[in-house]
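Printed here is entry19.pdb (PDB, C-alpha atoms, pLDDT in the B column):
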ATOM      1  CA  MET S   1     110.781 117.419  90.896  1.00 76.00           C
ATOM      2  CA  ILE S   2     109.289 119.225  93.898  1.00 82.00           C
ATOM      3  CA  GLU S   3     107.437 121.759  91.725  1.00 87.00           C
ATOM      4  CA  VAL S   4     105.543 119.129  89.760  1.00 90.00           C
ATOM      5  CA  PHE S   5     104.201 117.574  92.955  1.00 90.00           C
ATOM      6  CA  ILE S   6     103.107 121.022  94.174  1.00 92.00           C
ATOM      7  CA  ILE S   7     101.334 121.694  90.861  1.00 92.00           C
ATOM      8  CA  SER S   8      99.596 118.307  91.048  1.00 91.00           C
ATOM      9  CA  ALA S   9      98.439 119.060  94.581  1.00 92.00           C
ATOM     10  CA  ALA S  10      97.095 122.441  93.380  1.00 93.00           C
ATOM     11  CA  VAL S  11      95.010 120.722  90.689  1.00 93.00           C
ATOM     12  CA  ILE S  12      93.764 118.277  93.330  1.00 93.00           C
ATOM     13  CA  LEU S  13      92.700 121.299  95.415  1.00 94.00           C
ATOM     14  CA  ILE S  14      90.705 122.616  92.420  1.00 93.00           C
ATOM     15  CA  SER S  15      88.995 119.206  92.189  1.00 92.00           C
ATOM     16  CA  ILE S  16      88.179 119.422  95.902  1.00 93.00           C
ATOM     17  CA  ALA S  17      86.584 122.836  95.301  1.00 93.00           C
ATOM     18  CA  LEU S  18      84.449 121.392  92.473  1.00 91.00           C
ATOM     19  CA  ALA S  19      83.315 118.515  94.695  1.00 90.00           C
ATOM     20  CA  PHE S  20      82.579 121.008  97.485  1.00 92.00           C
ATOM     21  CA  ILE S  21      80.060 122.769  95.207  1.00 92.00           C
ATOM     22  CA  ARG S  22      78.183 119.464  94.944  1.00 90.00           C
ATOM     23  CA  LEU S  23      78.388 119.121  98.733  1.00 91.00           C
ATOM     24  CA  ILE S  24      76.730 122.553  99.112  1.00 92.00           C
ATOM     25  CA  ILE S  25      74.033 122.422  96.414  1.00 90.00           C
ATOM     26  CA  GLY S  26      73.207 118.709  96.449  1.00 76.00           C
ATOM     27  CA  PRO S  27      69.416 118.356  96.213  1.00 85.00           C
ATOM     28  CA  THR S  28      69.169 115.171  98.258  1.00 86.00           C
ATOM     29  CA  ILE S  29      71.159 113.803 101.193  1.00 88.00           C
ATOM     30  CA  PRO S  30      72.874 110.966  99.236  1.00 88.00           C
ATOM     31  CA  ASP S  31      74.218 113.604  96.826  1.00 90.00           C
ATOM     32  CA  ARG S  32      75.953 115.338  99.701  1.00 91.00           C
ATOM     33  CA  ILE S  33      77.360 112.046 100.962  1.00 90.00           C
ATOM     34  CA  VAL S  34      78.765 111.293  97.504  1.00 91.00           C
ATOM     35  CA  GLY S  35      80.441 114.708  97.458  1.00 91.00           C
ATOM     36  CA  LEU S  36      81.906 114.118 100.923  1.00 91.00           C
ATOM     37  CA  ASP S  37      83.254 110.705  99.900  1.00 92.00           C
ATOM     38  CA  THR S  38      84.926 112.194  96.826  1.00 92.00           C
ATOM     39  CA  ILE S  39      86.445 114.976  98.944  1.00 93.00           C
ATOM     40  CA  ASN S  40      87.828 112.366 101.356  1.00 92.00           C
ATOM     41  CA  THR S  41      89.599 110.451  98.574  1.00 92.00           C
ATOM     42  CA  LEU S  42      91.007 113.649  97.084  1.00 93.00           C
ATOM     43  CA  VAL S  43      92.277 114.838 100.481  1.00 93.00           C
ATOM     44  CA  ILE S  44      94.107 111.527 100.970  1.00 93.00           C
ATOM     45  CA  VAL S  45      95.795 111.903  97.572  1.00 93.00           C
ATOM     46  CA  GLY S  46      96.646 115.540  98.295  1.00 92.00           C
ATOM     47  CA  MET S  47      98.282 114.573 101.592  1.00 92.00           C
ATOM     48  CA  ILE S  48     100.393 111.946  99.816  1.00 92.00           C
ATOM     49  CA  LEU S  49     101.461 114.460  97.150  1.00 92.00           C
ATOM     50  CA  PHE S  50     102.421 117.071  99.752  1.00 92.00           C
ATOM     51  CA  GLY S  51     104.351 114.411 101.673  1.00 90.00           C
ATOM     52  CA  ALA S  52     106.280 113.554  98.515  1.00 89.00           C
ATOM     53  CA  ALA S  53     106.915 117.231  97.752  1.00 90.00           C
ATOM     54  CA  PHE S  54     108.283 118.103 101.199  1.00 89.00           C
ATOM     55  CA  LYS S  55     109.859 114.630 101.788  1.00 86.00           C
ATOM     56  CA  GLU S  56     107.971 114.173 105.042  1.00 84.00           C
ATOM     57  CA  SER S  57     106.779 110.604 105.509  1.00 83.00           C
ATOM     58  CA  ILE S  58     104.685 111.599 108.555  1.00 89.00           C
ATOM     59  CA  TYR S  59     102.110 113.197 106.191  1.00 90.00           C
ATOM     60  CA  ILE S  60     101.631 109.815 104.540  1.00 91.00           C
ATOM     61  CA  ASP S  61     100.978 108.140 107.888  1.00 91.00           C
ATOM     62  CA  VAL S  62      98.299 110.763 108.515  1.00 92.00           C
ATOM     63  CA  ALA S  63      96.842 109.923 105.086  1.00 91.00           C
ATOM     64  CA  ILE S  64      96.561 106.219 105.996  1.00 93.00           C
ATOM     65  CA  VAL S  65      94.726 107.000 109.245  1.00 93.00           C
ATOM     66  CA  TYR S  66      92.481 109.492 107.412  1.00 93.00           C
ATOM     67  CA  ALA S  67      91.571 106.855 104.801  1.00 92.00           C
ATOM     68  CA  LEU S  68      90.491 104.319 107.408  1.00 92.00           C
ATOM     69  CA  LEU S  69      88.562 106.873 109.519  1.00 93.00           C
ATOM     70  CA  SER S  70      86.750 108.309 106.475  1.00 92.00           C
ATOM     71  CA  PHE S  71      85.701 104.772 105.528  1.00 92.00           C
ATOM     72  CA  VAL S  72      84.185 104.325 109.004  1.00 93.00           C
ATOM     73  CA  THR S  73      82.364 107.661 108.631  1.00 91.00           C
ATOM     74  CA  THR S  74      80.961 106.741 105.212  1.00 91.00           C
ATOM     75  CA  MET S  75      79.697 103.364 106.418  1.00 91.00           C
ATOM     76  CA  LEU S  76      78.125 104.962 109.504  1.00 90.00           C
ATOM     77  CA  VAL S  77      76.273 107.614 107.493  1.00 89.00           C
ATOM     78  CA  ALA S  78      75.112 105.015 104.936  1.00 88.00           C
ATOM     79  CA  LYS S  79      73.826 102.787 107.740  1.00 88.00           C
ATOM     80  CA  TYR S  80      71.986 105.742 109.278  1.00 88.00           C
ATOM     81  CA  LEU S  81      70.434 106.658 105.932  1.00 85.00           C
ATOM     82  CA  GLU S  82      69.351 103.080 105.333  1.00 82.00           C
ATOM     83  CA  GLY S  83      67.267 103.224 108.484  1.00 78.00           C
ATOM     84  CA  GLY S  84      68.913 100.485 110.489  1.00 65.00           C
ATOM     85  CA  ARG S  85      70.192 100.542 114.032  1.00 64.00           C
ATOM     86  CA  MET S  86      73.768 101.649 114.589  1.00 58.00           C
TER
ATOM     87  CA  MET J   1     115.591 110.354  82.832  1.00 84.00           C
ATOM     88  CA  VAL J   2     113.281 107.474  81.934  1.00 89.00           C
ATOM     89  CA  VAL J   3     112.105 107.357  85.545  1.00 90.00           C
ATOM     90  CA  THR J   4     111.307 111.082  85.433  1.00 92.00           C
ATOM     91  CA  ILE J   5     109.228 110.619  82.274  1.00 93.00           C
ATOM     92  CA  ILE J   6     107.368 107.734  83.925  1.00 93.00           C
ATOM     93  CA  ILE J   7     106.623 109.878  87.003  1.00 92.00           C
ATOM     94  CA  TYR J   8     105.383 112.790  84.856  1.00 93.00           C
ATOM     95  CA  THR J   9     103.152 110.526  82.768  1.00 93.00           C
ATOM     96  CA  MET J  10     101.600 108.866  85.803  1.00 92.00           C
ATOM     97  CA  LEU J  11     100.984 112.256  87.456  1.00 93.00           C
ATOM     98  CA  ALA J  12      99.314 113.544  84.274  1.00 93.00           C
ATOM     99  CA  ILE J  13      97.014 110.525  84.002  1.00 94.00           C
ATOM    100  CA  GLY J  14      96.076 110.724  87.687  1.00 93.00           C
ATOM    101  CA  ILE J  15      95.323 114.442  87.623  1.00 94.00           C
ATOM    102  CA  PHE J  16      93.275 114.067  84.429  1.00 94.00           C
ATOM    103  CA  PHE J  17      91.068 111.363  85.909  1.00 93.00           C
ATOM    104  CA  ASN J  18      90.630 113.120  89.261  1.00 93.00           C
ATOM    105  CA  LEU J  19      89.576 116.334  87.533  1.00 92.00           C
ATOM    106  CA  LEU J  20      87.183 114.381  85.278  1.00 92.00           C
ATOM    107  CA  GLY J  21      85.671 112.761  88.358  1.00 91.00           C
ATOM    108  CA  SER J  22      84.984 116.116  89.974  1.00 92.00           C
ATOM    109  CA  ILE J  23      83.517 117.591  86.777  1.00 92.00           C
ATOM    110  CA  GLY J  24      81.302 114.527  86.364  1.00 91.00           C
ATOM    111  CA  LEU J  25      80.168 114.952  89.966  1.00 90.00           C
ATOM    112  CA  LEU J  26      78.857 118.380  88.963  1.00 91.00           C
ATOM    113  CA  ARG J  27      77.432 117.511  85.553  1.00 90.00           C
ATOM    114  CA  PHE J  28      75.567 114.217  85.956  1.00 89.00           C
ATOM    115  CA  PRO J  29      71.810 114.241  86.606  1.00 88.00           C
ATOM    116  CA  ASP J  30      71.376 111.569  89.249  1.00 87.00           C
ATOM    117  CA  VAL J  31      72.775 110.225  92.526  1.00 88.00           C
ATOM    118  CA  TYR J  32      73.854 106.931  90.976  1.00 89.00           C
ATOM    119  CA  THR J  33      75.597 108.416  87.953  1.00 90.00           C
ATOM    120  CA  ARG J  34      77.281 110.968  90.214  1.00 90.00           C
ATOM    121  CA  LEU J  35      78.461 108.115  92.412  1.00 90.00           C
ATOM    122  CA  HIS J  36      79.775 106.398  89.290  1.00 89.00           C
ATOM    123  CA  ALA J  37      81.856 109.451  88.371  1.00 89.00           C
ATOM    124  CA  GLY J  38      82.901 110.458  91.859  1.00 87.00           C
ATOM    125  CA  THR J  39      84.091 107.060  93.013  1.00 90.00           C
ATOM    126  CA  LYS J  40      85.445 105.194  90.013  1.00 90.00           C
ATOM    127  CA  CYS J  41      87.358 108.072  88.461  1.00 90.00           C
ATOM    128  CA  THR J  42      88.933 109.139  91.746  1.00 91.00           C
ATOM    129  CA  THR J  43      89.947 105.559  92.573  1.00 92.00           C
ATOM    130  CA  PHE J  44      91.634 105.137  89.192  1.00 93.00           C
ATOM    131  CA  GLY J  45      93.343 108.518  89.381  1.00 92.00           C
ATOM    132  CA  SER J  46      94.496 107.911  92.952  1.00 92.00           C
ATOM    133  CA  MET J  47      96.075 104.629  91.836  1.00 93.00           C
ATOM    134  CA  PHE J  48      98.199 106.494  89.308  1.00 93.00           C
ATOM    135  CA  LEU J  49      99.085 109.413  91.605  1.00 93.00           C
ATOM    136  CA  THR J  50     100.185 107.121  94.437  1.00 93.00           C
ATOM    137  CA  GLY J  51     102.045 105.015  91.872  1.00 93.00           C
ATOM    138  CA  ALA J  52     103.966 108.108  90.803  1.00 92.00           C
ATOM    139  CA  VAL J  53     104.895 108.838  94.429  1.00 92.00           C
ATOM    140  CA  ILE J  54     105.978 105.196  94.898  1.00 93.00           C
ATOM    141  CA  VAL J  55     108.245 105.383  91.836  1.00 93.00           C
ATOM    142  CA  TYR J  56     109.663 108.681  93.114  1.00 91.00           C
ATOM    143  CA  GLY J  57     110.349 107.221  96.569  1.00 90.00           C
ATOM    144  CA  LEU J  58     112.029 104.129  95.091  1.00 91.00           C
ATOM    145  CA  LYS J  59     114.223 106.366  92.931  1.00 90.00           C
ATOM    146  CA  GLU J  60     115.245 108.440  95.964  1.00 88.00           C
ATOM    147  CA  TRP J  61     115.946 105.243  97.889  1.00 88.00           C
ATOM    148  CA  TYR J  62     118.121 103.967  95.032  1.00 89.00           C
ATOM    149  CA  LEU J  63     120.044 107.231  94.707  1.00 88.00           C
ATOM    150  CA  HIS J  64     120.513 108.010  98.424  1.00 83.00           C
ATOM    151  CA  PRO J  65     120.326 104.733 100.396  1.00 81.00           C
ATOM    152  CA  VAL J  66     120.383 106.209 103.907  1.00 80.00           C
ATOM    153  CA  ALA J  67     118.460 104.686 106.802  1.00 75.00           C
ATOM    154  CA  GLY J  68     114.788 105.626 106.680  1.00 74.00           C
ATOM    155  CA  SER J  69     114.524 106.556 103.034  1.00 77.00           C
ATOM    156  CA  SER J  70     112.635 103.345 102.223  1.00 81.00           C
ATOM    157  CA  ILE J  71     109.812 104.261 104.619  1.00 86.00           C
ATOM    158  CA  MET J  72     108.020 106.557 102.158  1.00 87.00           C
ATOM    159  CA  PRO J  73     107.295 104.105  99.288  1.00 89.00           C
ATOM    160  CA  LEU J  74     106.220 101.411 101.748  1.00 91.00           C
ATOM    161  CA  HIS J  75     103.785 103.696 103.533  1.00 91.00           C
ATOM    162  CA  VAL J  76     102.411 105.052 100.258  1.00 92.00           C
ATOM    163  CA  PHE J  77     101.816 101.446  99.197  1.00 93.00           C
ATOM    164  CA  ILE J  78      99.876 100.821 102.429  1.00 93.00           C
ATOM    165  CA  ALA J  79      97.818 103.983 101.770  1.00 92.00           C
ATOM    166  CA  LEU J  80      97.128 102.763  98.210  1.00 93.00           C
ATOM    167  CA  ILE J  81      95.852  99.428  99.565  1.00 93.00           C
ATOM    168  CA  ALA J  82      93.640 101.304 102.057  1.00 92.00           C
ATOM    169  CA  ILE J  83      92.146 103.409  99.225  1.00 92.00           C
ATOM    170  CA  LEU J  84      91.596 100.373  96.998  1.00 92.00           C
ATOM    171  CA  VAL J  85      89.818  98.414  99.732  1.00 92.00           C
ATOM    172  CA  THR J  86      87.684 101.145 101.287  1.00 92.00           C
ATOM    173  CA  ASN J  87      86.561 103.228  98.294  1.00 92.00           C
ATOM    174  CA  PRO J  88      84.441 100.684  96.317  1.00 91.00           C
ATOM    175  CA  THR J  89      82.976  99.317  99.566  1.00 92.00           C
ATOM    176  CA  GLY J  90      81.858 102.788 100.592  1.00 91.00           C
ATOM    177  CA  ALA J  91      80.369 103.404  97.152  1.00 91.00           C
ATOM    178  CA  HIS J  92      78.367 100.190  97.355  1.00 91.00           C
ATOM    179  CA  ALA J  93      77.064 101.119 100.809  1.00 91.00           C
ATOM    180  CA  ILE J  94      76.095 104.639  99.663  1.00 90.00           C
ATOM    181  CA  ALA J  95      74.228 103.317  96.602  1.00 89.00           C
ATOM    182  CA  ARG J  96      72.297 100.762  98.649  1.00 89.00           C
ATOM    183  CA  ALA J  97      71.466 103.324 101.320  1.00 89.00           C
ATOM    184  CA  ALA J  98      70.314 105.844  98.699  1.00 88.00           C
ATOM    185  CA  HIS J  99      68.017 103.277  97.092  1.00 87.00           C
ATOM    186  CA  LYS J 100      66.583 102.206 100.445  1.00 85.00           C
ATOM    187  CA  SER J 101      66.017 105.801 101.542  1.00 83.00           C
ATOM    188  CA  GLY J 102      63.728 106.382  98.570  1.00 78.00           C
ATOM    189  CA  VAL J 103      65.900 108.196  96.001  1.00 78.00           C
ATOM    190  CA  LEU J 104      65.200 106.349  92.748  1.00 79.00           C
ATOM    191  CA  PRO J 105      67.160 106.593  89.455  1.00 79.00           C
ATOM    192  CA  VAL J 106      65.764 109.273  87.135  1.00 78.00           C
ATOM    193  CA  ASN J 107      65.932 107.737  83.656  1.00 77.00           C
ATOM    194  CA  ALA J 108      66.247 104.078  84.607  1.00 74.00           C
ATOM    195  CA  VAL J 109      64.501 101.451  82.477  1.00 77.00           C
ATOM    196  CA  VAL J 110      65.243  98.399  84.632  1.00 78.00           C
ATOM    197  CA  ASP J 111      65.391  98.543  88.435  1.00 77.00           C
ATOM    198  CA  ASP J 112      66.147  95.069  89.738  1.00 77.00           C
ATOM    199  CA  LEU J 113      66.631  96.006  93.390  1.00 76.00           C
ATOM    200  CA  LYS J 114      63.166  97.571  93.535  1.00 76.00           C
ATOM    201  CA  GLU J 115      61.599  94.431  92.040  1.00 76.00           C
ATOM    202  CA  ASP J 116      63.416  92.290  94.588  1.00 76.00           C
ATOM    203  CA  THR J 117      62.240  94.374  97.532  1.00 74.00           C
ATOM    204  CA  THR J 118      58.621  94.399  96.296  1.00 76.00           C
ATOM    205  CA  LYS J 119      58.736  90.599  95.845  1.00 76.00           C
ATOM    206  CA  GLU J 120      59.952  90.178  99.411  1.00 76.00           C
ATOM    207  CA  LYS J 121      57.232  92.485 100.690  1.00 75.00           C
ATOM    208  CA  THR J 122      54.461  90.559  98.888  1.00 80.00           C
ATOM    209  CA  LYS J 123      55.878  87.257 100.162  1.00 79.00           C
ATOM    210  CA  LYS J 124      55.890  88.544 103.723  1.00 79.00           C
ATOM    211  CA  ALA J 125      52.337  89.829 103.334  1.00 80.00           C
ATOM    212  CA  LYS J 126      51.151  86.414 102.077  1.00 81.00           C
ATOM    213  CA  GLU J 127      52.837  84.666 104.992  1.00 81.00           C
ATOM    214  CA  ALA J 128      51.236  87.100 107.411  1.00 80.00           C
ATOM    215  CA  LYS J 129      47.780  86.311 105.905  1.00 75.00           C
ATOM    216  CA  LYS J 130      48.284  82.590 106.427  1.00 71.00           C
TER
END

Show the structure stored in the file as structure tokens.
Amino acid sequence: MIEVFIISAAVILISIALAFIRLIIGPTIPDRIVGLDTINTLVIVGMILFGAAFKESIYIDVAIVYALLSFVTTMLVAKYLEGGRM
Amino acid sequence: MVVTIIIYTMLAIGIFFNLLGSIGLLRFPDVYTRLHAGTKCTTFGSMFLTGAVIVYGLKEWYLHPVAGSSIMPLHVFIALIAILVTNPTGAHAIARAAHKSGVLPVNAVVDDLKEDTTKEKTKKAKEAKK
């Protein structure tokens, strides 16, 4: 049962690499933000899968905090791009 | 045995959709279509992957009911709720910010938000003339 979670996390890491290409080559700034948002979601899922594989529930707590902080980051960057005041 | 098959199926569906989301992020021509792939597919796949971990944690809790073994499914459920609330909201904010910062859809036929903003601008200009 542990191996299948490790394999799933490896495929999630490949997805993160694919999204990272978009983060590098994105022609406009919103493209890069979309890539960063996708990477954030995939990192959360990867943390949960590693926590299930190693039976460490502290990884999942880190994933919760990461989800909320990445949401704050996304909203802040979107507000900055929109041209409003912070 | 049935629980193991359920976990494997949910992991397969989640991985498939997450990988499709990343490939769509590379292949689509536009910010808005990329946002469509990169947010919706990853949200759906994350639902299934976290669901698989929840089923696994409940099975472990049922087999070995020691103190503290019920923490994992509960916390994964909280993480799932956090993903489900924050991900579509962030996508909406990114799309609105991209449209306001001047990146328009490439092959769009109808652009309602642009019409709305131009209407507001003309209304404000008329009021300023009065």

Each chain S residue no farther than 9 Å from chain J, nearest pair in Å, all atoms listed in the file, as CSV:
residue,atom,partner,partner_atom,distance
S:Met1,CA,J:Thr4,CA,8.4
S:Val4,CA,J:Tyr8,CA,8.0
S:Phe5,CA,J:Leu11,CA,8.3
S:Ser8,CA,J:Ile15,CA,6.7
S:Ala9,CA,J:Ile15,CA,8.9
S:Val11,CA,J:Ile15,CA,7.0
S:Ile12,CA,J:Ile15,CA,7.1
S:Ile14,CA,J:Leu19,CA,8.0
S:Ser15,CA,J:Leu19,CA,5.5
S:Ile16,CA,J:Ser22,CA,7.5
S:Ala17,CA,J:Ser22,CA,8.7
S:Leu18,CA,J:Ser22,CA,5.9
S:Ala19,CA,J:Ser22,CA,5.6
S:Ile21,CA,J:Leu26,CA,7.7
S:Arg22,CA,J:Leu26,CA,6.1
S:Thr28,CA,J:Val103,CA,8.0
S:Ile29,CA,J:Ala98,CA,8.4
S:Pro30,CA,J:Ala98,CA,5.8
S:Asp31,CA,J:Val31,CA,5.7
S:Ile33,CA,J:Ile94,CA,7.6
S:Val34,CA,J:Leu35,CA,6.0
S:Gly35,CA,J:Gly38,CA,7.4
S:Asp37,CA,J:Thr39,CA,7.8
S:Thr38,CA,J:Gly38,CA,5.6
S:Thr41,CA,J:Thr42,CA,7.0
S:Leu42,CA,J:Thr42,CA,7.3
S:Ile44,CA,J:Ala79,CA,8.4
S:Val45,CA,J:Ser46,CA,6.2
S:Ile48,CA,J:Val76,CA,7.2
S:Leu49,CA,J:Val53,CA,7.1
S:Gly51,CA,J:Met72,CA,8.7
S:Ala52,CA,J:Val53,CA,6.4
S:Lys55,CA,J:Met72,CA,8.3
S:Glu56,CA,J:Met72,CA,8.1
S:Ser57,CA,J:Met72,CA,5.4
S:Ile58,CA,J:Met72,CA,8.8
S:Ile60,CA,J:Val76,CA,6.5
S:Asp61,CA,J:His75,CA,6.8
S:Ala63,CA,J:Ala79,CA,6.9
S:Ile64,CA,J:Ala79,CA,4.9
S:Val65,CA,J:Ala79,CA,8.6
S:Ala67,CA,J:Ala82,CA,6.5
S:Leu68,CA,J:Ala82,CA,6.9
S:Ser70,CA,J:Thr86,CA,8.9
S:Phe71,CA,J:Thr86,CA,5.9
S:Val72,CA,J:Gly90,CA,8.9
S:Thr74,CA,J:Gly90,CA,6.1
S:Met75,CA,J:Gly90,CA,6.2
S:Val77,CA,J:Ile94,CA,8.4
S:Ala78,CA,J:Ile94,CA,5.4
S:Lys79,CA,J:Ala97,CA,6.9
S:Tyr80,CA,J:Ala97,CA,8.3
S:Leu81,CA,J:Ala97,CA,5.8
S:Glu82,CA,J:Ala97,CA,4.5
S:Gly83,CA,J:Ser101,CA,7.5

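For the pair atom CA of S:Glu3 and atom CA of S:Gly46, the separation is 14.1 Å.
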
How many Å separate atom CA of J:Glu60 from atom CA of J:Ile6? 14.4 Å

Can you work out the spacing between atom CA of J:Trp61 and atom CA of S:Ile7 in Å, to one decimal? 23.1 Å

Please enclose the listed atoms of stretch 70-75 of chain S in an axis-aligned box, pad each side by 3 Å, and write out the centre and the three edge lengths in Å, rounded to one decimal, as lines of an AutoDock Vina configuration file.
center_x = 83.2
center_y = 105.8
center_z = 107.1
size_x = 13.1
size_y = 10.9
size_z = 9.8

Could you list as a VMD selection string every residue that has an atom within 7 Å of (112.3, 121.3, 97.7), using the file's coordinates and counting all atoms listed in the file? chain S and resid 2 53 to 54

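Candidate residues J:Glu120, J:Asn107, J:Leu84, J:Ala128 were compared for distance to J:Phe48, and the nearest is J:Leu84, using all atoms listed in the file.
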